[in-house]
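Peer 1: Sharing a structure, written as structure tokens. Questions coming.
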Amino acid sequence: MTTNTSIEVRDLKKYFGPVKAVDGIDFKVQQGEIFSLLGPNGAGKTTTISMISCLLQPDSGEVLVMGHSTRSAAQQVKAAIGVVPQEIALYEDLSARENLTFWGKMYGMRGGMLKQRVDEVLELIGLTEHAARRSGKFSGGMKRRLNIGIALLHHPQVIIMDEPTVGIDPQSRRSILDGVRALNREGATVLYTTHYMEEAEELSNHIAIMDHGHLIALGTHAELIRLVGQQTRIDLTLNAENPAVLPAWQQVDGVSQVYAEDGHLSVLVNDSNAVLPHLFEAATTVDARITGIDIKEPNLEAVFLHLTGRALRDG
């Protein structure tokens, strides 16, 4: 592992019976970057970070965190990381301050140093005014922020966040995303899992796309977009189901790919303005009528569609 690498994953595998949850993935997270694992539910993201954070032992392969093996140096790995789990982990009968104090003691912090750090974290996560409130009375967004605060108490070198914005309101989500960037500006390395492509696009230096336990693409946002060229995706709705429309559209000049998934019809095109009239004409020839159009410029959704043949939202 090179000196500027925070996490190195080598041929990592984890099977649950016949299910290959993680099936031989490799990637590196460089110090000081935000690295996102992007994929639908069931892609293997949570299993991967559970192995990185020593909660699960891999069936084979190796994980190094700050040069320490998760197999032979688990204590050093745990000291180097702060983990924000997907499921909120709080003692709801305790206040925000009491939760932070409890977990600080679990990290071995004591006395004035612990009190000072709890105050710093409360300020960092925007809960100073609510420090004495019982956390069970908090909104979902406030609980998420407190969960993040717990992970930050011991000044970890690497912060691992597993779907931290699931199930919260837009304002809290915005606060968490801004907080992730602020932590990164202060030097923290962040490994972030999400199934929201817009979060990965906004936050990440590098993005690894996972699907069914495999890592199917890895690169910067710009590098991933180049996998589909500069093509535009058009989502279309018909007045009624008509299987004949797909081969008709495939014959249209300028259409590179046509997809049908759970009633959603999509085409990838080089020039939407030039191609759209011909899509209408082709639909008419098979007695289909287009009733809805949504034009999307190249994004990670198009990359996932290109690589898997289905939309990211469909899982």
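Ordering of the structure tokens sets the chain letters (A, B, ...), residue numbers begin anew at 1 in every chain, and ligands are numbered from 1 in the order given.
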DSSP says alpha helix (DSSP H) for which residues of segment 86-262 of chain A? Put them as a VMD selection string?

Peer 2: chain A and resid 96 to 106 111 to 124 140 to 152 170 to 185 197 to 203 221 to 225 245 to 250

Peer 1: If we count only C-alpha atoms and set the cut-off at 12 Å, which residues sit around Thr70 of chain A, ignoring sequence neighbours fewer than 5 positions away in its own chain? Please answer as a tab-separated table (two decimals) with C-alpha atoms, in the first residue's frame.

Peer 2:
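What landed in result.tsv:
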```tsv
chain	number	residue	atom	x	y	z
A	7	ILE	CA	-7.89	2.18	1.89
A	8	GLU	CA	-6.83	-0.61	-0.41
A	9	VAL	CA	-9.23	-3.42	-1.32
A	10	ARG	CA	-7.80	-6.46	-3.10
A	12	LEU	CA	-12.47	-8.96	-1.87
A	49	ILE	CA	-17.85	-1.39	4.03
A	50	SER	CA	-18.74	-3.89	6.76
A	51	MET	CA	-15.59	-5.79	5.80
A	52	ILE	CA	-13.54	-2.60	5.61
A	53	SER	CA	-14.70	-1.60	9.12
A	54	CYS	CA	-14.02	-5.08	10.60
A	55	LEU	CA	-17.68	-5.93	11.19
A	56	LEU	CA	-17.48	-8.85	8.74
A	57	GLN	CA	-14.60	-11.12	7.85
A	58	PRO	CA	-14.11	-11.61	4.11
A	60	SER	CA	-11.10	-14.17	0.68
A	61	GLY	CA	-9.13	-11.13	-0.39
A	62	GLU	CA	-7.55	-8.39	1.68
A	63	VAL	CA	-8.36	-4.94	3.03
A	64	LEU	CA	-5.72	-2.48	4.23
A	65	VAL	CA	-6.70	0.70	6.09
A	75	GLN	CA	-7.66	-2.72	16.54
A	76	GLN	CA	-5.44	-0.34	14.56
A	77	VAL	CA	-8.03	-0.24	11.77
A	78	LYS	CA	-10.87	0.56	14.20
A	79	ALA	CA	-8.81	3.36	15.75
A	80	ALA	CA	-8.24	4.91	12.31
A	81	ILE	CA	-11.87	4.92	11.15
```

Peer 1: Show me, as a list of chain:residue names, the residues that have an atom within 12 Å of Leu312 of chain A when counting only C-alpha atoms, minus same-chain residues fewer than 6 positions from it.

Peer 2: A:Leu38, A:Gly39, A:Pro40, A:Asn41, A:Gly42, A:Ala43, A:Thr194, A:His195, A:Tyr196, A:Met197, A:Glu198, A:Ile209, A:Met210, A:Asp211, A:Glu261, A:Asn299, A:Leu300, A:Glu301, A:Ala302, A:Val303, A:Phe304, A:Leu305, A:His306

Peer 1: For the residues in the current selection, export C-alpha atoms as a short mmCIF file (atom, residue, chain, number, x, y, z; two decimals), in the first residue's frame.

Peer 2:
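Output below, filename result-v8.cif:
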```
data_model
loop_
_atom_site.label_atom_id
_atom_site.label_comp_id
_atom_site.auth_asym_id
_atom_site.auth_seq_id
_atom_site.Cartn_x
_atom_site.Cartn_y
_atom_site.Cartn_z
CA LEU A 38 -22.63 3.94 -6.02
CA GLY A 39 -25.19 1.27 -6.76
CA PRO A 40 -28.74 0.07 -6.18
CA ASN A 41 -29.89 -1.66 -3.02
CA GLY A 42 -28.39 -5.14 -2.97
CA ALA A 43 -25.33 -4.17 -4.99
CA THR A 194 -25.19 5.88 -1.87
CA HIS A 195 -27.78 4.85 -4.44
CA TYR A 196 -28.43 8.52 -5.26
CA MET A 197 -26.38 9.33 -8.35
CA GLU A 198 -26.69 13.09 -7.77
CA ILE A 209 -20.21 1.71 -9.50
CA MET A 210 -21.31 -1.61 -7.98
CA ASP A 211 -23.95 -4.05 -9.19
CA GLU A 261 -37.31 -1.95 -17.98
CA ASN A 299 -24.99 11.49 -16.22
CA LEU A 300 -24.25 8.50 -14.02
CA GLU A 301 -27.75 7.14 -14.64
CA ALA A 302 -26.85 6.87 -18.32
CA VAL A 303 -23.58 5.14 -17.41
CA PHE A 304 -25.39 2.54 -15.28
CA LEU A 305 -27.98 2.04 -18.01
CA HIS A 306 -25.23 1.60 -20.59
#
```

Peer 1: For segment 262-275 of chain A, list every protein, DNA or RNA residue within 12 Å, evaluated using only C-alpha atoms, and leave out those in the same chain fewer than 6 positions away; present the list as a ChimeraX atom specification.

Peer 2: /A:228-243,245-256,281-282,290-299,301-303,305-306,309-311,313-315

Peer 1: Can you work out which one of A:Gly213, A:Gly179, A:Gly136, A:Gly187 has the shortest atom-to-atom distance to His155 of chain A, counting only C-alpha atoms?

Peer 2: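 Between A:Gly213, A:Gly179, A:Gly136, A:Gly187, the residue approaching His155 of chain A most closely is A:Gly187.
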
Peer 1: Pick out the closest residue to Ala188 of chain A from this set: A:Ala200, A:Ile159, A:Leu153, A:Ala283. Count only C-alpha atoms.

Peer 2: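 Of the candidates, the smallest distance to Ala188 of chain A is held by A:Ile159.
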
Peer 1: For each of A:Leu37, A:Thr128, A:Val118, A:Arg144, take the minimum atom-to-atom distance to Leu90 of chain A, counting only C-alpha atoms, then give the residue where this is smallest.

Peer 2: A:Arg144

Peer 1: Near segment 20-23 of chain A, counting only C-alpha atoms, which residues have an atom at most 6 Å away, once you skip same-chain residues fewer than 6 positions from it, shown as a PyMOL selection string?

Peer 2: chain A and resi 13-14+44+213-214

Peer 1: Keeping only N, CA and C atoms, take the residues you just selected and write them out as an mmCIF file, in the first residue's frame.

Peer 2:
```cif
data_model
loop_
_atom_site.group_PDB
_atom_site.id
_atom_site.type_symbol
_atom_site.label_atom_id
_atom_site.label_comp_id
_atom_site.auth_asym_id
_atom_site.auth_seq_id
_atom_site.Cartn_x
_atom_site.Cartn_y
_atom_site.Cartn_z
ATOM 1 N N LYS A 13 -13.981 -10.812 -1.437
ATOM 2 C CA LYS A 13 -15.138 -11.670 -1.684
ATOM 3 C C LYS A 13 -15.873 -11.970 -0.380
ATOM 4 N N LYS A 14 -17.207 -11.988 -0.479
ATOM 5 C CA LYS A 14 -18.046 -12.399 0.640
ATOM 6 C C LYS A 14 -19.313 -13.028 0.082
ATOM 7 N N GLY A 44 -24.100 -4.684 -2.939
ATOM 8 C CA GLY A 44 -22.943 -5.144 -2.173
ATOM 9 C C GLY A 44 -22.195 -4.041 -1.462
ATOM 10 N N GLY A 213 -22.735 -7.347 -6.580
ATOM 11 C CA GLY A 213 -21.483 -7.802 -5.990
ATOM 12 C C GLY A 213 -20.239 -7.521 -6.792
ATOM 13 N N HIS A 214 -20.402 -6.951 -7.983
ATOM 14 C CA HIS A 214 -19.251 -6.655 -8.833
ATOM 15 C C HIS A 214 -19.018 -5.146 -8.911
#
```

Peer 1: Could you pull the residues within 10 Å of segment 94-105 of chain A, counting only C-alpha atoms, minus those fewer than 6 positions along the same chain, as a PyMOL selection string?

Peer 2: chain A and resi 111+113-115+117-119+121-122+127-128+130-138+142-143+146-147+149-154

Peer 1: Limited to N, CA and C atoms, could you put the picked residues into a file as an mmCIF file, in the first residue's frame?

Peer 2:
```cif
data_model
loop_
_atom_site.group_PDB
_atom_site.id
_atom_site.type_symbol
_atom_site.label_atom_id
_atom_site.label_comp_id
_atom_site.auth_asym_id
_atom_site.auth_seq_id
_atom_site.Cartn_x
_atom_site.Cartn_y
_atom_site.Cartn_z
ATOM 1 N N GLY A 111 -12.413 12.910 31.036
ATOM 2 C CA GLY A 111 -12.194 14.212 31.664
ATOM 3 C C GLY A 111 -12.427 15.402 30.749
ATOM 4 N N MET A 113 -10.704 16.562 28.296
ATOM 5 C CA MET A 113 -10.514 16.339 26.865
ATOM 6 C C MET A 113 -11.812 15.835 26.232
ATOM 7 N N LEU A 114 -12.512 14.947 26.948
ATOM 8 C CA LEU A 114 -13.768 14.421 26.440
ATOM 9 C C LEU A 114 -14.822 15.512 26.369
ATOM 10 N N LYS A 115 -14.940 16.312 27.427
ATOM 11 C CA LYS A 115 -15.941 17.381 27.441
ATOM 12 C C LYS A 115 -15.695 18.378 26.304
ATOM 13 N N ARG A 117 -14.138 17.839 23.482
ATOM 14 C CA ARG A 117 -14.409 17.238 22.181
ATOM 15 C C ARG A 117 -15.911 17.110 21.939
ATOM 16 N N VAL A 118 -16.670 16.780 22.974
ATOM 17 C CA VAL A 118 -18.126 16.704 22.828
ATOM 18 C C VAL A 118 -18.684 18.070 22.431
ATOM 19 N N ASP A 119 -18.189 19.129 23.074
ATOM 20 C CA ASP A 119 -18.631 20.482 22.720
ATOM 21 C C ASP A 119 -18.288 20.807 21.267
ATOM 22 N N VAL A 121 -17.869 18.709 18.758
ATOM 23 C CA VAL A 121 -18.676 17.912 17.835
ATOM 24 C C VAL A 121 -20.110 18.431 17.789
ATOM 25 N N LEU A 122 -20.668 18.812 18.953
ATOM 26 C CA LEU A 122 -22.021 19.384 18.964
ATOM 27 C C LEU A 122 -22.094 20.626 18.077
ATOM 28 N N LEU A 127 -25.860 20.895 16.694
ATOM 29 C CA LEU A 127 -26.807 20.468 17.721
ATOM 30 C C LEU A 127 -26.508 21.069 19.094
ATOM 31 N N THR A 128 -25.696 22.098 19.142
ATOM 32 C CA THR A 128 -25.346 22.706 20.435
ATOM 33 C C THR A 128 -26.595 23.144 21.197
ATOM 34 N N HIS A 130 -29.437 21.925 21.097
ATOM 35 C CA HIS A 130 -30.286 20.783 21.445
ATOM 36 C C HIS A 130 -29.527 19.744 22.264
ATOM 37 N N ALA A 131 -28.389 20.134 22.821
ATOM 38 C CA ALA A 131 -27.509 19.176 23.492
ATOM 39 C C ALA A 131 -28.183 18.435 24.638
ATOM 40 N N ALA A 132 -29.100 19.095 25.340
ATOM 41 C CA ALA A 132 -29.734 18.497 26.521
ATOM 42 C C ALA A 132 -31.029 17.752 26.191
ATOM 43 N N ARG A 133 -31.476 17.823 24.942
ATOM 44 C CA ARG A 133 -32.728 17.158 24.559
ATOM 45 C C ARG A 133 -32.525 15.650 24.387
ATOM 46 N N ARG A 134 -33.527 14.888 24.785
ATOM 47 C CA ARG A 134 -33.479 13.450 24.599
ATOM 48 C C ARG A 134 -33.485 13.144 23.104
ATOM 49 N N SER A 135 -32.542 12.328 22.668
ATOM 50 C CA SER A 135 -32.360 12.115 21.230
ATOM 51 C C SER A 135 -33.540 11.390 20.604
ATOM 52 N N GLY A 136 -34.318 10.658 21.404
ATOM 53 C CA GLY A 136 -35.495 10.000 20.874
ATOM 54 C C GLY A 136 -36.541 10.970 20.361
ATOM 55 N N LYS A 137 -36.461 12.230 20.784
ATOM 56 C CA LYS A 137 -37.399 13.259 20.344
ATOM 57 C C LYS A 137 -36.912 13.985 19.093
ATOM 58 N N PHE A 138 -35.722 13.656 18.622
ATOM 59 C CA PHE A 138 -35.146 14.328 17.467
ATOM 60 C C PHE A 138 -35.852 13.905 16.175
ATOM 61 N N MET A 142 -31.894 15.106 12.470
ATOM 62 C CA MET A 142 -31.085 15.395 13.662
ATOM 63 C C MET A 142 -30.425 14.122 14.188
ATOM 64 N N LYS A 143 -31.166 13.015 14.140
ATOM 65 C CA LYS A 143 -30.576 11.743 14.573
ATOM 66 C C LYS A 143 -29.407 11.363 13.671
ATOM 67 N N LEU A 146 -26.441 13.428 14.647
ATOM 68 C CA LEU A 146 -25.841 12.942 15.892
ATOM 69 C C LEU A 146 -25.045 11.664 15.642
ATOM 70 N N ASN A 147 -25.571 10.794 14.784
ATOM 71 C CA ASN A 147 -24.844 9.582 14.425
ATOM 72 C C ASN A 147 -23.501 9.904 13.781
ATOM 73 N N GLY A 149 -21.839 12.686 14.306
ATOM 74 C CA GLY A 149 -21.015 13.236 15.377
ATOM 75 C C GLY A 149 -20.312 12.158 16.182
ATOM 76 N N ILE A 150 -21.019 11.065 16.471
ATOM 77 C CA ILE A 150 -20.417 9.962 17.218
ATOM 78 C C ILE A 150 -19.204 9.407 16.473
ATOM 79 N N ALA A 151 -19.328 9.307 15.145
ATOM 80 C CA ALA A 151 -18.218 8.771 14.345
ATOM 81 C C ALA A 151 -17.015 9.697 14.312
ATOM 82 N N LEU A 152 -17.223 10.993 14.603
ATOM 83 C CA LEU A 152 -16.139 11.981 14.505
ATOM 84 C C LEU A 152 -15.400 12.203 15.822
ATOM 85 N N LEU A 153 -15.921 11.662 16.912
ATOM 86 C CA LEU A 153 -15.402 11.998 18.244
ATOM 87 C C LEU A 153 -13.893 11.796 18.386
ATOM 88 N N HIS A 154 -13.366 10.713 17.870
ATOM 89 C CA HIS A 154 -11.970 10.345 18.131
ATOM 90 C C HIS A 154 -11.019 10.809 17.024
#
```

Peer 1: To test your reading of the structure, identify every residue in segment 143-314 of chain A that backbone DSSP assigns to strand (DSSP E), and report it as JSON, numbers by chain.

Peer 2: {"A": [158, 159, 160, 161, 162, 189, 190, 191, 192, 193, 194, 206, 207, 208, 209, 210, 211, 214, 215, 216, 217, 218, 219, 232, 233, 234, 235, 236, 237, 238, 255, 256, 257, 258, 259, 260, 261, 264, 265, 266, 267, 268, 269, 290, 291, 292, 293, 294, 295, 296]}

Peer 1: Just write the chosen residues, N, CA and C atoms, as a short mmCIF file (atom, residue, chain, number, x, y, z; two decimals), in the first residue's frame.

Peer 2:
```cif
data_model
loop_
_atom_site.label_atom_id
_atom_site.label_comp_id
_atom_site.auth_asym_id
_atom_site.auth_seq_id
_atom_site.Cartn_x
_atom_site.Cartn_y
_atom_site.Cartn_z
N VAL A 158 -10.10 8.27 8.62
CA VAL A 158 -11.00 7.86 7.54
C VAL A 158 -12.42 7.80 8.10
N ILE A 159 -13.37 8.43 7.39
CA ILE A 159 -14.77 8.40 7.79
C ILE A 159 -15.54 7.58 6.76
N ILE A 160 -16.26 6.57 7.23
CA ILE A 160 -17.04 5.70 6.36
C ILE A 160 -18.51 5.97 6.61
N MET A 161 -19.23 6.36 5.56
CA MET A 161 -20.65 6.72 5.68
C MET A 161 -21.47 5.82 4.78
N ASP A 162 -22.41 5.09 5.37
CA ASP A 162 -23.24 4.16 4.62
C ASP A 162 -24.64 4.73 4.46
N THR A 189 -10.47 11.79 4.93
CA THR A 189 -10.78 10.93 3.81
C THR A 189 -12.17 10.34 4.06
N VAL A 190 -13.03 10.37 3.05
CA VAL A 190 -14.41 9.91 3.22
C VAL A 190 -14.71 8.81 2.20
N LEU A 191 -15.17 7.66 2.71
CA LEU A 191 -15.73 6.61 1.88
C LEU A 191 -17.24 6.65 2.06
N TYR A 192 -17.97 6.90 0.97
CA TYR A 192 -19.38 7.26 1.04
C TYR A 192 -20.17 6.31 0.15
N THR A 193 -21.18 5.63 0.71
CA THR A 193 -22.01 4.79 -0.14
C THR A 193 -23.36 5.45 -0.35
N THR A 194 -23.91 5.27 -1.55
CA THR A 194 -25.19 5.88 -1.87
C THR A 194 -25.80 5.18 -3.07
N HIS A 206 -13.62 10.30 -6.81
CA HIS A 206 -13.71 9.08 -7.59
C HIS A 206 -14.99 8.34 -7.21
N ILE A 207 -15.54 7.61 -8.19
CA ILE A 207 -16.79 6.88 -8.00
C ILE A 207 -16.59 5.45 -8.50
N ALA A 208 -16.96 4.50 -7.64
CA ALA A 208 -16.97 3.09 -8.05
C ALA A 208 -18.43 2.66 -8.14
N ILE A 209 -18.83 2.17 -9.30
CA ILE A 209 -20.21 1.71 -9.50
C ILE A 209 -20.26 0.21 -9.26
N MET A 210 -21.15 -0.20 -8.32
CA MET A 210 -21.31 -1.61 -7.98
C MET A 210 -22.67 -2.11 -8.45
N ASP A 211 -22.69 -3.41 -8.80
CA ASP A 211 -23.95 -4.05 -9.19
C ASP A 211 -23.80 -5.55 -8.98
N HIS A 214 -20.40 -6.95 -7.98
CA HIS A 214 -19.25 -6.66 -8.83
C HIS A 214 -19.02 -5.15 -8.91
N LEU A 215 -17.77 -4.76 -9.07
CA LEU A 215 -17.43 -3.38 -9.36
C LEU A 215 -17.36 -3.28 -10.88
N ILE A 216 -18.33 -2.56 -11.46
CA ILE A 216 -18.46 -2.57 -12.92
C ILE A 216 -17.83 -1.36 -13.60
N ALA A 217 -17.50 -0.32 -12.82
CA ALA A 217 -16.83 0.85 -13.39
C ALA A 217 -16.21 1.66 -12.26
N LEU A 218 -15.11 2.31 -12.55
CA LEU A 218 -14.41 3.11 -11.55
C LEU A 218 -13.70 4.26 -12.24
N GLY A 219 -13.86 5.47 -11.70
CA GLY A 219 -13.17 6.62 -12.27
C GLY A 219 -13.70 7.91 -11.71
N THR A 232 -27.06 11.53 -25.14
CA THR A 232 -28.18 11.99 -24.33
C THR A 232 -29.18 10.84 -24.18
N ARG A 233 -29.76 10.74 -23.01
CA ARG A 233 -30.78 9.73 -22.77
C ARG A 233 -32.16 10.36 -22.88
N ILE A 234 -33.05 9.69 -23.60
CA ILE A 234 -34.44 10.14 -23.70
C ILE A 234 -35.34 9.06 -23.10
N ASP A 235 -36.09 9.42 -22.06
CA ASP A 235 -37.09 8.53 -21.48
C ASP A 235 -38.44 8.84 -22.13
N LEU A 236 -39.12 7.81 -22.59
CA LEU A 236 -40.37 8.00 -23.32
C LEU A 236 -41.50 7.18 -22.70
N THR A 237 -42.70 7.72 -22.79
CA THR A 237 -43.90 7.03 -22.33
C THR A 237 -44.85 6.87 -23.51
N LEU A 238 -45.47 5.70 -23.62
CA LEU A 238 -46.43 5.43 -24.68
C LEU A 238 -47.86 5.41 -24.13
N VAL A 255 -29.73 6.63 -33.06
CA VAL A 255 -30.04 5.88 -31.83
C VAL A 255 -28.99 4.80 -31.65
N SER A 256 -28.33 4.81 -30.50
CA SER A 256 -27.29 3.80 -30.27
C SER A 256 -27.82 2.61 -29.48
N GLN A 257 -28.71 2.87 -28.50
CA GLN A 257 -29.24 1.78 -27.70
C GLN A 257 -30.68 2.08 -27.30
N VAL A 258 -31.47 1.01 -27.15
CA VAL A 258 -32.86 1.12 -26.71
C VAL A 258 -33.05 0.18 -25.52
N TYR A 259 -33.72 0.65 -24.48
CA TYR A 259 -33.91 -0.15 -23.27
C TYR A 259 -35.38 -0.16 -22.87
N ALA A 260 -35.83 -1.28 -22.34
CA ALA A 260 -37.16 -1.37 -21.73
C ALA A 260 -37.00 -2.05 -20.38
N GLU A 261 -37.46 -1.41 -19.32
CA GLU A 261 -37.31 -1.95 -17.98
C GLU A 261 -38.52 -1.56 -17.15
N HIS A 264 -40.57 1.26 -18.30
CA HIS A 264 -39.82 2.46 -18.68
C HIS A 264 -39.12 2.20 -20.02
N LEU A 265 -39.26 3.11 -20.95
CA LEU A 265 -38.60 3.02 -22.25
C LEU A 265 -37.57 4.13 -22.35
N SER A 266 -36.34 3.77 -22.73
CA SER A 266 -35.27 4.77 -22.84
C SER A 266 -34.45 4.50 -24.08
N VAL A 267 -33.95 5.57 -24.69
CA VAL A 267 -33.02 5.45 -25.81
C VAL A 267 -31.83 6.36 -25.55
N LEU A 268 -30.66 5.91 -26.01
CA LEU A 268 -29.46 6.74 -25.98
C LEU A 268 -29.22 7.26 -27.39
N VAL A 269 -29.03 8.57 -27.52
CA VAL A 269 -28.91 9.20 -28.84
C VAL A 269 -27.74 10.17 -28.85
N ILE A 290 -46.50 8.38 -28.65
CA ILE A 290 -45.66 8.87 -27.56
C ILE A 290 -46.46 9.92 -26.78
N THR A 291 -46.58 9.70 -25.46
CA THR A 291 -47.35 10.63 -24.63
C THR A 291 -46.48 11.39 -23.62
N GLY A 292 -45.22 10.99 -23.48
CA GLY A 292 -44.35 11.69 -22.54
C GLY A 292 -42.89 11.59 -22.94
N ILE A 293 -42.16 12.69 -22.75
CA ILE A 293 -40.73 12.75 -23.10
C ILE A 293 -39.97 13.41 -21.97
N ASP A 294 -38.83 12.81 -21.59
CA ASP A 294 -37.94 13.42 -20.59
C ASP A 294 -36.51 13.28 -21.12
N ILE A 295 -35.90 14.41 -21.48
CA ILE A 295 -34.55 14.40 -22.05
C ILE A 295 -33.53 14.65 -20.95
N LYS A 296 -32.55 13.76 -20.83
CA LYS A 296 -31.54 13.85 -19.78
C LYS A 296 -30.15 13.87 -20.41
#
```

Peer 1: To one decimal in Å, tell me the separation between atom CA of Asp178 of chain A and atom CA of Asp26 of chain A.

Peer 2: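 A separation of 28.6 Å between them.
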
Peer 1: Between atom CA of Gly141 of chain A and atom CA of Ser172 of chain A, measure the distance and give it in Å to one decimal.

Peer 2: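 Pair atom CA of Gly141 of chain A / atom CA of Ser172 of chain A returns 5.0 Å.
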
Peer 1: One number please: atom CA of Asn184 of chain A to atom CA of Glu87 of chain A, in Å, one decimal.

Peer 2: 22.7 Å
